[in-house]
file work.txt (compact mmCIF, C-alpha atoms (C1' of nucleotides) and all ligand atoms)
# COMPACT_ATOMS: atom_id res chain seq x y z
CA MET A 217 -50.93 29.24 32.34
CA GLN A 218 -50.45 32.99 32.64
CA ASP A 219 -49.21 35.41 35.25
CA ILE A 220 -51.55 35.92 38.16
CA PRO A 221 -50.50 38.68 40.61
CA PRO A 222 -50.19 37.54 44.20
CA GLN A 223 -48.67 34.20 45.10
CA PRO A 224 -46.89 34.46 48.43
CA ASP A 225 -47.20 30.81 49.53
CA PRO A 226 -44.23 28.42 49.47
CA GLN A 227 -43.68 26.34 46.33
CA PRO A 228 -45.92 23.28 46.19
CA ASP A 229 -45.11 20.08 44.27
CA PRO A 230 -44.00 21.09 40.77
CA ALA A 231 -46.68 18.99 39.06
CA THR A 232 -49.38 20.59 41.17
CA LEU A 233 -47.91 23.96 40.32
CA ALA A 234 -48.01 23.33 36.59
CA PHE A 235 -51.76 22.90 36.68
CA ALA A 236 -52.41 25.76 39.10
CA ARG A 237 -52.53 29.50 38.67
CA HIS A 238 -49.24 30.87 39.76
CA ASP A 239 -46.72 33.61 39.20
CA HIS A 240 -45.21 31.93 36.21
CA SER A 241 -42.65 34.60 35.41
CA HIS A 242 -41.15 33.84 38.78
CA CYS A 243 -41.55 30.10 38.31
CA ALA A 244 -39.82 30.22 34.92
CA GLY A 245 -37.12 32.62 36.04
CA ASP A 246 -36.31 30.48 39.00
CA THR A 247 -36.12 27.33 36.92
CA LEU A 248 -33.89 29.05 34.39
CA ALA A 249 -31.55 30.15 37.15
CA ARG A 250 -31.32 26.61 38.47
CA ALA A 251 -30.69 25.34 34.94
CA GLU A 252 -27.83 27.80 34.53
CA ALA A 253 -26.32 26.65 37.78
CA VAL A 254 -26.58 23.02 36.71
CA ALA A 255 -24.98 23.77 33.36
CA ALA A 256 -22.11 25.64 34.99
CA GLU A 257 -21.57 22.84 37.45
CA ARG A 258 -21.40 20.27 34.67
CA GLY A 259 -19.13 22.40 32.51
CA ALA A 260 -21.82 22.48 29.85
CA ARG A 261 -21.82 25.63 27.75
CA LEU A 262 -25.23 27.22 27.83
CA THR A 263 -24.65 29.39 24.76
CA PRO A 264 -27.07 32.08 23.55
CA VAL A 265 -29.13 29.83 21.23
CA ARG A 266 -29.32 27.10 23.81
CA ARG A 267 -30.25 29.48 26.56
CA ARG A 268 -32.87 31.14 24.41
CA ALA A 269 -34.32 27.76 23.42
CA LEU A 270 -34.68 26.93 27.09
CA GLU A 271 -36.32 30.28 27.79
CA ILE A 272 -38.80 29.59 25.02
CA LEU A 273 -39.67 26.20 26.46
CA LEU A 274 -40.06 27.81 29.85
CA GLU A 275 -42.67 30.26 28.68
CA ALA A 276 -45.50 27.90 29.44
CA HIS A 277 -46.14 24.51 31.00
CA ARG A 278 -46.55 22.81 27.71
CA ALA A 279 -44.50 20.99 25.13
CA MET A 280 -43.32 22.64 21.93
CA GLY A 281 -42.40 21.08 18.62
CA ALA A 282 -38.88 21.64 17.32
CA TYR A 283 -40.18 23.71 14.42
CA GLU A 284 -42.14 25.93 16.74
CA VAL A 285 -39.01 26.56 18.77
CA LEU A 286 -37.13 27.15 15.54
CA ASP A 287 -39.53 29.86 14.42
CA ARG A 288 -39.04 31.63 17.70
CA LEU A 289 -35.28 31.35 17.50
CA ALA A 290 -35.27 32.60 13.93
CA ALA A 291 -37.38 35.58 14.95
CA ASP A 292 -34.72 36.35 17.52
CA GLY A 293 -31.99 36.43 14.92
CA PHE A 294 -30.70 32.88 15.16
CA GLY A 295 -30.56 30.42 12.28
CA HIS A 296 -33.62 29.46 10.28
CA GLN A 297 -32.87 25.82 9.59
CA PRO A 298 -34.10 22.74 11.50
CA PRO A 299 -30.71 21.64 12.83
CA VAL A 300 -30.43 24.90 14.74
CA ALA A 301 -33.41 23.96 16.86
CA TYR A 302 -32.74 20.25 17.01
CA ARG A 303 -29.19 20.77 18.18
CA ALA A 304 -30.14 23.21 20.88
CA LEU A 305 -32.91 20.91 22.08
CA GLU A 306 -30.68 17.88 21.95
CA PHE A 307 -28.18 19.71 24.13
CA LEU A 308 -30.85 20.59 26.65
CA VAL A 309 -32.15 17.04 26.80
CA GLU A 310 -28.64 15.60 27.09
CA HIS A 311 -27.95 17.76 30.11
CA GLY A 312 -31.28 17.17 31.75
CA LEU A 313 -32.53 20.71 31.20
CA ALA A 314 -35.40 19.60 29.00
CA HIS A 315 -37.29 16.43 28.20
CA ARG A 316 -38.59 14.95 25.02
CA ILE A 317 -42.26 14.02 24.99
CA ARG A 318 -42.51 11.31 22.37
CA ARG A 319 -46.25 11.15 22.35
CA LEU A 320 -46.33 14.75 21.14
CA ASN A 321 -43.16 14.81 19.06
CA ALA A 322 -42.24 17.74 21.23
CA PHE A 323 -40.02 19.05 23.98
CA ALA A 324 -40.64 20.54 27.41
CA ALA A 325 -38.36 22.32 29.84
CA CYS A 326 -37.38 20.30 32.87
CA MET A 327 -39.03 21.79 35.93
CA HIS A 328 -36.43 20.60 38.39
CA PRO A 329 -33.08 20.43 36.67
CA GLY A 330 -30.18 18.99 38.54
CA GLN A 331 -32.20 16.67 40.68
CA ASP A 332 -31.70 13.17 39.36
CA HIS A 333 -35.24 12.14 38.62
CA ALA A 334 -37.38 9.64 36.75
CA PRO A 335 -39.95 11.89 35.15
CA VAL A 336 -43.53 10.98 34.42
CA PHE A 337 -45.41 13.31 32.12
CA LEU A 338 -49.03 14.20 32.55
CA ILE A 339 -50.43 15.63 29.34
CA CYS A 340 -53.82 17.32 29.37
CA ARG A 341 -55.63 16.57 26.13
CA ALA A 342 -57.94 19.53 26.62
CA CYS A 343 -55.60 22.41 27.40
CA ASP A 344 -52.29 20.89 26.25
CA SER A 345 -50.54 21.61 29.50
CA VAL A 346 -47.81 19.21 30.50
CA ALA A 347 -46.71 18.52 34.04
CA GLU A 348 -43.72 16.56 35.18
CA ALA A 349 -44.66 14.43 38.15
CA ALA A 350 -42.43 12.49 40.49
CA GLY A 351 -42.07 9.10 38.91
CA GLU A 352 -39.83 7.23 41.30
CA PRO A 353 -42.53 4.77 42.43
CA VAL A 354 -43.62 4.27 38.83
CA ARG A 355 -40.08 3.69 37.74
CA ALA A 356 -39.56 1.24 40.58
CA ALA A 357 -42.61 -0.75 39.50
CA LEU A 358 -41.31 -0.74 35.95
CA ASP A 359 -37.90 -1.97 37.01
CA THR A 360 -39.54 -4.75 38.96
CA ALA A 361 -41.69 -5.83 36.03
CA ALA A 362 -38.66 -5.76 33.73
CA ALA A 363 -36.43 -7.64 36.16
CA ALA A 364 -39.06 -10.37 36.40
CA VAL A 365 -38.37 -11.25 32.77
CA GLY A 366 -34.64 -10.57 32.89
CA PHE A 367 -34.76 -7.24 31.11
CA THR A 368 -32.44 -4.39 32.09
CA VAL A 369 -34.03 -0.96 31.82
CA GLU A 370 -31.72 1.86 30.77
CA ARG A 371 -34.17 4.60 29.87
CA ALA A 372 -37.92 4.84 30.08
CA ASN A 373 -40.61 7.04 28.68
CA ILE A 374 -43.67 7.26 30.85
CA GLU A 375 -46.31 9.53 29.43
CA ALA A 376 -49.93 9.79 30.45
CA LEU A 377 -52.68 11.45 28.46
CA GLY A 378 -55.78 12.63 30.26
CA LEU A 379 -57.34 15.62 31.93
CA CYS A 380 -55.70 18.07 34.26
CA PRO A 381 -57.55 19.17 37.41
CA ALA A 382 -59.02 22.28 35.80
CA CYS A 383 -60.19 20.49 32.68
CA THR A 384 -61.60 17.59 34.70
CA GLN A 385 -63.81 20.17 36.44
CA GLY A 386 -64.86 21.62 33.12
CA ALA A 387 -65.69 18.20 31.69
CA ALA A 388 -67.80 17.31 34.73
CA ALA A 389 -69.95 20.41 34.32
CA MET B 296 -36.66 -14.57 17.13
CA GLN B 297 -36.91 -17.57 14.78
CA ASP B 298 -38.51 -20.98 14.80
CA ILE B 299 -36.81 -23.53 16.99
CA PRO B 300 -38.21 -27.08 16.68
CA PRO B 301 -39.46 -28.64 19.91
CA GLN B 302 -41.29 -26.69 22.55
CA PRO B 303 -43.77 -28.88 24.38
CA ASP B 304 -43.88 -26.98 27.68
CA PRO B 305 -46.87 -24.89 28.68
CA GLN B 306 -46.84 -21.19 27.73
CA PRO B 307 -44.82 -19.07 30.13
CA ASP B 308 -45.35 -15.35 30.72
CA PRO B 309 -45.66 -13.70 27.29
CA ALA B 310 -42.83 -11.25 27.97
CA THR B 311 -40.52 -14.06 28.99
CA LEU B 312 -41.55 -15.90 25.86
CA ALA B 313 -40.75 -12.99 23.58
CA PHE B 314 -37.13 -13.06 24.66
CA ALA B 315 -36.81 -16.85 24.67
CA ARG B 316 -36.35 -19.38 21.90
CA HIS B 317 -39.71 -20.85 21.15
CA ASP B 318 -41.86 -22.30 18.43
CA HIS B 319 -42.85 -18.95 17.09
CA SER B 320 -45.02 -20.22 14.25
CA HIS B 321 -47.22 -21.75 16.91
CA CYS B 322 -46.97 -18.65 19.11
CA ALA B 323 -47.95 -16.35 16.23
CA GLY B 324 -50.67 -18.64 14.94
CA ASP B 325 -52.19 -18.94 18.34
CA THR B 326 -52.15 -15.18 18.89
CA LEU B 327 -53.72 -14.61 15.48
CA ALA B 328 -56.48 -17.06 16.31
CA ARG B 329 -57.21 -15.25 19.55
CA ALA B 330 -57.20 -11.93 17.74
CA GLU B 331 -59.74 -13.24 15.25
CA ALA B 332 -61.96 -14.40 18.09
CA VAL B 333 -61.71 -11.00 19.76
CA ALA B 334 -62.55 -9.19 16.54
CA ALA B 335 -65.57 -11.42 15.93
CA GLU B 336 -66.76 -10.90 19.46
CA ARG B 337 -66.52 -7.13 19.12
CA GLY B 338 -68.17 -7.08 15.73
CA ALA B 339 -65.01 -5.63 14.26
CA ARG B 340 -64.40 -6.54 10.65
CA LEU B 341 -60.98 -8.12 10.29
CA THR B 342 -60.81 -7.68 6.52
CA PRO B 343 -58.04 -9.10 4.32
CA VAL B 344 -55.70 -6.09 4.52
CA ARG B 345 -56.18 -5.78 8.23
CA ARG B 346 -55.68 -9.44 8.83
CA ARG B 347 -52.60 -9.50 6.64
CA ALA B 348 -51.18 -6.47 8.45
CA LEU B 349 -51.62 -8.29 11.73
CA GLU B 350 -49.95 -11.40 10.34
CA ILE B 351 -47.01 -9.29 9.24
CA LEU B 352 -46.66 -7.77 12.71
CA LEU B 353 -46.85 -11.25 14.19
CA GLU B 354 -43.92 -12.54 12.21
CA ALA B 355 -41.45 -11.51 14.87
CA HIS B 356 -41.37 -10.08 18.35
CA ARG B 357 -40.40 -6.68 17.17
CA ALA B 358 -42.01 -3.43 16.11
CA MET B 359 -42.39 -2.48 12.46
CA GLY B 360 -42.72 0.95 10.90
CA ALA B 361 -45.87 1.69 8.91
CA TYR B 362 -43.89 1.93 5.71
CA GLU B 363 -42.29 -1.43 6.29
CA VAL B 364 -45.74 -2.95 6.74
CA LEU B 365 -46.90 -1.07 3.66
CA ASP B 366 -44.16 -2.59 1.50
CA ARG B 367 -45.20 -6.03 2.62
CA LEU B 368 -48.87 -5.34 1.96
CA ALA B 369 -48.10 -3.91 -1.46
CA ALA B 370 -46.07 -7.01 -2.30
CA ASP B 371 -49.15 -9.04 -1.44
CA GLY B 372 -51.30 -7.11 -3.90
CA PHE B 373 -52.80 -4.51 -1.62
CA GLY B 374 -52.51 -0.76 -2.11
CA HIS B 375 -49.17 0.98 -2.35
CA GLN B 376 -49.94 4.24 -0.58
CA PRO B 377 -49.30 5.16 3.06
CA PRO B 378 -52.94 5.41 4.13
CA VAL B 379 -53.41 1.74 3.31
CA ALA B 380 -50.97 0.77 6.02
CA TYR B 381 -51.87 3.52 8.47
CA ARG B 382 -55.55 2.67 8.31
CA ALA B 383 -55.03 -1.03 8.82
CA LEU B 384 -52.70 -0.34 11.73
CA GLU B 385 -55.05 2.20 13.23
CA PHE B 386 -57.82 -0.37 13.13
CA LEU B 387 -55.67 -2.94 14.87
CA VAL B 388 -54.65 -0.50 17.58
CA GLU B 389 -58.21 0.69 18.06
CA HIS B 390 -59.37 -2.83 18.70
CA GLY B 391 -56.49 -3.78 20.91
CA LEU B 392 -54.94 -6.17 18.41
CA ALA B 393 -51.75 -4.14 18.10
CA HIS B 394 -49.94 -1.41 19.96
CA ARG B 395 -48.15 1.67 18.88
CA ILE B 396 -44.60 2.08 20.15
CA ARG B 397 -44.01 5.80 20.07
CA ARG B 398 -40.37 5.65 20.90
CA LEU B 399 -39.81 3.71 17.67
CA ASN B 400 -42.49 5.30 15.50
CA ALA B 401 -43.64 1.77 14.97
CA PHE B 402 -46.28 -0.83 15.70
CA ALA B 403 -46.25 -4.26 17.32
CA ALA B 404 -48.85 -7.00 17.48
CA CYS B 405 -50.56 -7.37 20.82
CA MET B 406 -49.48 -10.64 22.37
CA HIS B 407 -52.58 -11.14 24.46
CA PRO B 408 -55.52 -9.59 22.67
CA GLY B 409 -58.84 -9.50 24.40
CA GLN B 410 -57.44 -9.34 27.89
CA ASP B 411 -57.88 -5.82 29.12
CA HIS B 412 -54.35 -4.85 29.93
CA ALA B 413 -52.05 -1.96 30.63
CA PRO B 414 -49.07 -2.79 28.49
CA VAL B 415 -45.49 -1.93 29.27
CA PHE B 416 -43.03 -2.32 26.43
CA LEU B 417 -39.53 -3.57 26.87
CA ILE B 418 -37.43 -2.66 23.86
CA CYS B 419 -34.01 -4.22 23.43
CA ARG B 420 -31.65 -1.68 21.91
CA ALA B 421 -29.28 -4.42 20.78
CA CYS B 422 -31.53 -6.92 19.00
CA ASP B 423 -34.65 -4.75 18.51
CA SER B 424 -36.95 -7.28 20.05
CA VAL B 425 -39.99 -5.89 21.83
CA ALA B 426 -41.80 -7.60 24.66
CA GLU B 427 -45.08 -6.64 26.20
CA ALA B 428 -44.90 -7.07 29.93
CA ALA B 429 -47.70 -6.98 32.46
CA GLY B 430 -47.94 -3.38 33.48
CA GLU B 431 -50.74 -3.38 36.02
CA PRO B 432 -48.51 -2.50 38.98
CA VAL B 433 -46.78 0.17 36.92
CA ARG B 434 -50.06 1.59 35.80
CA ALA B 435 -51.32 1.58 39.37
CA ALA B 436 -48.28 3.56 40.49
CA LEU B 437 -48.85 5.98 37.65
CA ASP B 438 -52.49 6.45 38.56
CA THR B 439 -51.49 7.14 42.13
CA ALA B 440 -48.90 9.73 41.12
CA ALA B 441 -51.41 11.39 38.81
CA ALA B 442 -54.21 11.35 41.36
CA ALA B 443 -51.90 13.06 43.85
CA VAL B 444 -51.96 16.16 41.66
CA GLY B 445 -55.58 15.82 40.56
CA PHE B 446 -54.84 14.49 37.10
CA THR B 447 -57.07 11.86 35.48
CA VAL B 448 -55.17 9.36 33.34
CA GLU B 449 -57.00 8.10 30.27
CA ARG B 450 -54.20 6.47 28.31
CA ALA B 451 -50.57 5.89 29.04
CA ASN B 452 -47.49 4.99 27.10
CA ILE B 453 -44.90 3.18 29.14
CA GLU B 454 -41.88 2.21 27.13
CA ALA B 455 -38.54 1.04 28.42
CA LEU B 456 -35.35 0.88 26.41
CA GLY B 457 -32.60 -1.45 27.54
CA LEU B 458 -31.20 -4.91 27.09
CA CYS B 459 -33.12 -8.16 26.85
CA PRO B 460 -31.88 -11.19 28.79
CA ALA B 461 -29.91 -12.58 25.86
CA CYS B 462 -28.24 -9.30 25.00
CA THR B 463 -27.48 -8.57 28.65
CA GLN B 464 -25.47 -11.80 28.64
CA GLY B 465 -23.68 -10.81 25.49
CA ALA B 466 -22.83 -7.37 26.87
CA ALA B 467 -21.45 -8.86 30.07
CA ALA B 468 -19.05 -11.09 28.13
C1' DT C 113 -83.96 -2.30 -4.65
C1' DT C 114 -82.34 1.71 -2.81
C1' DA C 115 -80.18 4.18 0.68
C1' DT C 116 -76.54 4.35 4.04
C1' DT C 117 -72.49 3.12 5.96
C1' DT C 118 -67.95 1.30 5.86
C1' DA C 119 -63.78 0.09 3.53
C1' DT C 120 -60.18 0.56 -0.05
C1' DG C 121 -57.46 2.95 -3.03
C1' DT C 122 -55.55 7.23 -5.06
C1' DT C 123 -53.03 11.98 -5.22
C1' DA C 124 -51.01 15.36 -2.87
C1' DT C 125 -49.06 17.56 0.95
C1' DA C 126 -47.81 18.52 5.74
C1' DG C 127 -44.83 17.60 9.65
C1' DC C 128 -40.71 15.59 11.89
C1' DG C 129 -35.83 14.61 11.80
C1' DT C 130 -30.92 14.09 10.16
C1' DA C 131 -26.62 13.74 7.13
C1' DA C 132 -23.05 16.29 5.30
C1' DC C 133 -20.55 20.21 4.59
C1' DA C 134 -18.69 25.32 5.44
C1' DG C 135 -17.33 28.91 8.25
C1' DG C 136 -16.49 30.90 12.82
C1' DT C 137 -14.95 31.11 17.70
C1' DC C 138 -11.96 30.09 21.34
C1' DA C 139 -8.34 28.19 24.13
C1' DA C 140 -4.20 25.25 24.58
C1' DG C 141 0.25 24.47 23.16
C1' DA C 142 4.39 25.10 19.89
C1' DT D 79 2.46 34.99 18.10
C1' DC D 80 0.85 31.63 15.51
C1' DT D 81 -1.07 27.24 14.83
C1' DT D 82 -3.80 23.43 15.99
C1' DG D 83 -7.77 21.19 17.41
C1' DA D 84 -12.23 21.13 19.69
C1' DC D 85 -16.57 22.80 19.51
C1' DC D 86 -20.40 25.70 17.99
C1' DT D 87 -23.38 27.73 14.53
C1' DG D 88 -25.19 27.99 10.13
C1' DT D 89 -26.36 26.17 5.51
C1' DT D 90 -28.25 22.84 1.77
C1' DA D 91 -30.37 18.92 0.81
C1' DC D 92 -32.81 15.01 1.74
C1' DG D 93 -35.35 11.08 4.03
C1' DC D 94 -38.83 9.30 7.04
C1' DT D 95 -43.47 9.69 9.26
C1' DA D 96 -48.24 10.89 8.95
C1' DT D 97 -52.63 12.82 7.32
C1' DA D 98 -56.14 15.49 4.42
C1' DA D 99 -59.16 15.11 0.69
C1' DC D 100 -61.25 12.80 -2.81
C1' DA D 101 -63.02 8.71 -5.87
C1' DT D 102 -64.59 4.10 -6.03
C1' DA D 103 -66.29 -0.15 -4.38
C1' DA D 104 -68.22 -3.30 -1.21
C1' DA D 105 -71.21 -4.50 2.55
C1' DT D 106 -75.19 -3.67 5.43
C1' DA D 107 -79.69 -1.66 6.44
C1' DA D 108 -84.20 -0.08 5.15
ZN ZN E 1 -44.87 27.94 36.03
ZN ZN E 2 -56.20 20.87 31.03
ZN ZN E 3 -43.33 -15.83 19.52
ZN ZN E 4 -31.80 -8.17 22.76
call {"tool": "encode", "arguments": {"input": "work.txt", "output": "structure tokens"}}
result
Amino acid sequence: MQDIPPQPDPQPDPATLAFARHDHSHCAGDTLARAEAVAAERGARLTPVRRRALEILLEAHRAMGAYEVLDRLAADGFGHQPPVAYRALEFLVEHGLAHRIRRLNAFAACMHPGQDHAPVFLICRACDSVAEAAGEPVRAALDTAAAAVGFTVERANIEALGLCPACTQGAAA
Amino acid sequence: MQDIPPQPDPQPDPATLAFARHDHSHCAGDTLARAEAVAAERGARLTPVRRRALEILLEAHRAMGAYEVLDRLAADGFGHQPPVAYRALEFLVEHGLAHRIRRLNAFAACMHPGQDHAPVFLICRACDSVAEAAGEPVRAALDTAAAAVGFTVERANIEALGLCPACTQGAAA
DNA sequence: TTATTTATGTTATAGCGTAACAGGTCAAGA
DNA sequence: TCTTGACCTGTTACGCTATAACATAAATAA
């Protein structure tokens, strides 16, 4: 959850990374750069508030409420009213640069923007970290279950609450 | 979504049923009876407010907001304040007699109480109906994805938004 | 009965989210 | 150049969702 000096190894699976000690400033910076590239490619305008909102979400592998983001934006000289945060977050979600975690009434930066993906969120109830795991098989199973009753899935929210690797260890002790 | 006279056939899959015309008074009554049996078995006290809240949720295959349930309870002579509804609903969820649909900030009656199940919700964006499909395969895929990164899943919310069979037809027209 | 727990109801307040309007920026086209 | 229109940012004001804290009453246990 914070910066730990040496981390020379190649990037592991993003969900594994979220729960592991890693050079997060690099992790966040890299993700931000990819997000900027995606925005440019799509012709989406990543304006100062929007970019700053994304940076804020990228500070840690956890979800933040809109009002928490708003406070941070306000402290940085942006507007102080809820729509300022909600609009920036809405933009990020719309363009796949962030996700909404309904279980937490909160938002989290997307850890692999650009890649078309069916995210599954793993929320640790002990340390509040949130990881975005590869959900393609889960989504496939969901589509199958829905198709069996004639239902057409357009969007899905798949959110799991439990214990991350570190906190599972702690609980076992 | 409303009562249609004859329906002699045996019960199909509950999710299929939710989207089909059926004798809902029988469907709801039967589910309520099973819920009562489950509550008795667990030693859970299905008091008048709680029972009435469940009946209200059972009136249709859709989710209802807590305040909507509250209005109905108040009209029936129960308390008029939010905690009255939230507590009844919390009880029902705790004992597996109802589910919370986070995407809608709402609650829906469980259509097969007692059976230990991993529900998946199929929410029609056109007619607002909500079906509870069998989610065991989906849950299994989720557990696998989580286990791959060392995460232990305790609870999961799996909610799909899309079009039910009837509304898919309508949209195609 | 008396003590203990559980349930119901209240007031008050916190937290989440959006509608509607005003002013500002920027680029395309007259 | 000037105007038009699209889009972005900011505001006020409000509505919906949810819970904390407390008082009373009913049910169960001792
Ligand atoms: Zn990181
Ligand atoms: Zn944890
Ligand atoms: Zn029915
Ligand atoms: Zn429908």
call {"tool": "residues_near_ligand", "arguments": {"input": "work.txt", "ligand": "ligand ZN 4 (chain E)", "cutoff": "12 Å", "atoms": "all atoms listed in the file", "output": "PyMOL selection string"}}
result
(chain A and resi 366-369) or (chain B and resi 296+313-315+356-357+417-426+456-466)
call {"tool": "write_last_selection", "arguments": {"input": "work.txt", "atoms": "C-alpha atoms", "output": "PDB file, keeping the file's coordinate frame"}}
result
ATOM      1  CA  GLY A 366     -34.640 -10.570  32.890  1.00  0.00           C
ATOM      2  CA  PHE A 367     -34.760  -7.240  31.110  1.00  0.00           C
ATOM      3  CA  THR A 368     -32.440  -4.390  32.090  1.00  0.00           C
ATOM      4  CA  VAL A 369     -34.030  -0.960  31.820  1.00  0.00           C
TER       5      VAL A 369
ATOM      6  CA  MET B 296     -36.660 -14.570  17.130  1.00  0.00           C
ATOM      7  CA  ALA B 313     -40.750 -12.990  23.580  1.00  0.00           C
ATOM      8  CA  PHE B 314     -37.130 -13.060  24.660  1.00  0.00           C
ATOM      9  CA  ALA B 315     -36.810 -16.850  24.670  1.00  0.00           C
ATOM     10  CA  HIS B 356     -41.370 -10.080  18.350  1.00  0.00           C
ATOM     11  CA  ARG B 357     -40.400  -6.680  17.170  1.00  0.00           C
ATOM     12  CA  LEU B 417     -39.530  -3.570  26.870  1.00  0.00           C
ATOM     13  CA  ILE B 418     -37.430  -2.660  23.860  1.00  0.00           C
ATOM     14  CA  CYS B 419     -34.010  -4.220  23.430  1.00  0.00           C
ATOM     15  CA  ARG B 420     -31.650  -1.680  21.910  1.00  0.00           C
ATOM     16  CA  ALA B 421     -29.280  -4.420  20.780  1.00  0.00           C
ATOM     17  CA  CYS B 422     -31.530  -6.920  19.000  1.00  0.00           C
ATOM     18  CA  ASP B 423     -34.650  -4.750  18.510  1.00  0.00           C
ATOM     19  CA  SER B 424     -36.950  -7.280  20.050  1.00  0.00           C
ATOM     20  CA  VAL B 425     -39.990  -5.890  21.830  1.00  0.00           C
ATOM     21  CA  ALA B 426     -41.800  -7.600  24.660  1.00  0.00           C
ATOM     22  CA  LEU B 456     -35.350   0.880  26.410  1.00  0.00           C
ATOM     23  CA  GLY B 457     -32.600  -1.450  27.540  1.00  0.00           C
ATOM     24  CA  LEU B 458     -31.200  -4.910  27.090  1.00  0.00           C
ATOM     25  CA  CYS B 459     -33.120  -8.160  26.850  1.00  0.00           C
ATOM     26  CA  PRO B 460     -31.880 -11.190  28.790  1.00  0.00           C
ATOM     27  CA  ALA B 461     -29.910 -12.580  25.860  1.00  0.00           C
ATOM     28  CA  CYS B 462     -28.240  -9.300  25.000  1.00  0.00           C
ATOM     29  CA  THR B 463     -27.480  -8.570  28.650  1.00  0.00           C
ATOM     30  CA  GLN B 464     -25.470 -11.800  28.640  1.00  0.00           C
ATOM     31  CA  GLY B 465     -23.680 -10.810  25.490  1.00  0.00           C
ATOM     32  CA  ALA B 466     -22.830  -7.370  26.870  1.00  0.00           C
TER      33      ALA B 466
END
call {"tool": "interface_residues", "arguments": {"input": "work.txt", "of": "chain D", "to": "chain B", "cutoff": "9 Å", "atoms": "all atoms listed in the file", "output": "short mmCIF file (atom, residue, chain, number, x, y, z; two decimals) with C-alpha atoms (C1' of nucleotides), in the coordinates of the input"}}
result
data_model
loop_
_atom_site.label_atom_id
_atom_site.label_comp_id
_atom_site.auth_asym_id
_atom_site.auth_seq_id
_atom_site.Cartn_x
_atom_site.Cartn_y
_atom_site.Cartn_z
"C1'" DT D 95 -43.47 9.69 9.26
"C1'" DA D 96 -48.24 10.89 8.95
"C1'" DT D 97 -52.63 12.82 7.32
#
call {"tool": "closest_residue", "arguments": {"input": "work.txt", "among": "B:Val415, B:His390, B:Ala442, B:Phe402", "to": "Arg337 (chain B)", "atoms": "all atoms listed in the file"}}
result
B:His390
call {"tool": "interface_residues", "arguments": {"input": "work.txt", "of": "chain C", "to": "chain B", "cutoff": "9 Å", "atoms": "all atoms listed in the file", "output": "PyMOL selection string"}}
result
chain C and resi 119-122
call {"tool": "write_last_selection", "arguments": {"input": "work.txt", "atoms": "C-alpha atoms (C1' of nucleotides)", "output": "CSV table (one decimal), in the frame of the given file"}}
result
chain,number,residue,atom,x,y,z
C,119,DA,C1',-63.8,0.1,3.5
C,120,DT,C1',-60.2,0.6,0.0
C,121,DG,C1',-57.5,3.0,-3.0
C,122,DT,C1',-55.6,7.2,-5.1
call {"tool": "residues_near_ligand", "arguments": {"input": "work.txt", "ligand": "ligand ZN 1 (chain E)", "cutoff": "9 Å", "atoms": "all atoms listed in the file", "output": "list in words"}}
result
Met217, Gln218, Asp219, Pro230, Leu233, Ala234, Phe235, Ala236, Arg237, His238, Asp239, His240, Ser241, His242, Cys243, Ala244, Thr247, Leu274, Glu275, Ala276, His277 and Met327 of chain A
call {"tool": "closest_residue", "arguments": {"input": "work.txt", "among": "A:Leu262, A:Gly293, A:Thr232, A:Gln331", "to": "chain B", "atoms": "all atoms listed in the file"}}
result
A:Thr232
call {"tool": "closest_residue", "arguments": {"input": "work.txt", "among": "A:Asp246, A:Arg319, A:Pro335, A:Glu348", "to": "chain B", "atoms": "only C-alpha atoms"}}
result
A:Arg319
call {"tool": "atom_distance", "arguments": {"input": "work.txt", "atom1": "CA of Glu306 (chain A)", "atom2": "CA of Glu352 (chain A)"}}
result
23.9 Å
call {"tool": "atom_distance", "arguments": {"input": "work.txt", "atom1": "CA of Ala443 (chain B)", "atom2": "CA of Ala376 (chain A)"}}
result
13.9 Å
call {"tool": "atom_distance", "arguments": {"input": "work.txt", "atom1": "CA of Ala357 (chain A)", "atom2": "atom ZN of ligand ZN 3 (chain E)"}}
result
25.0 Å
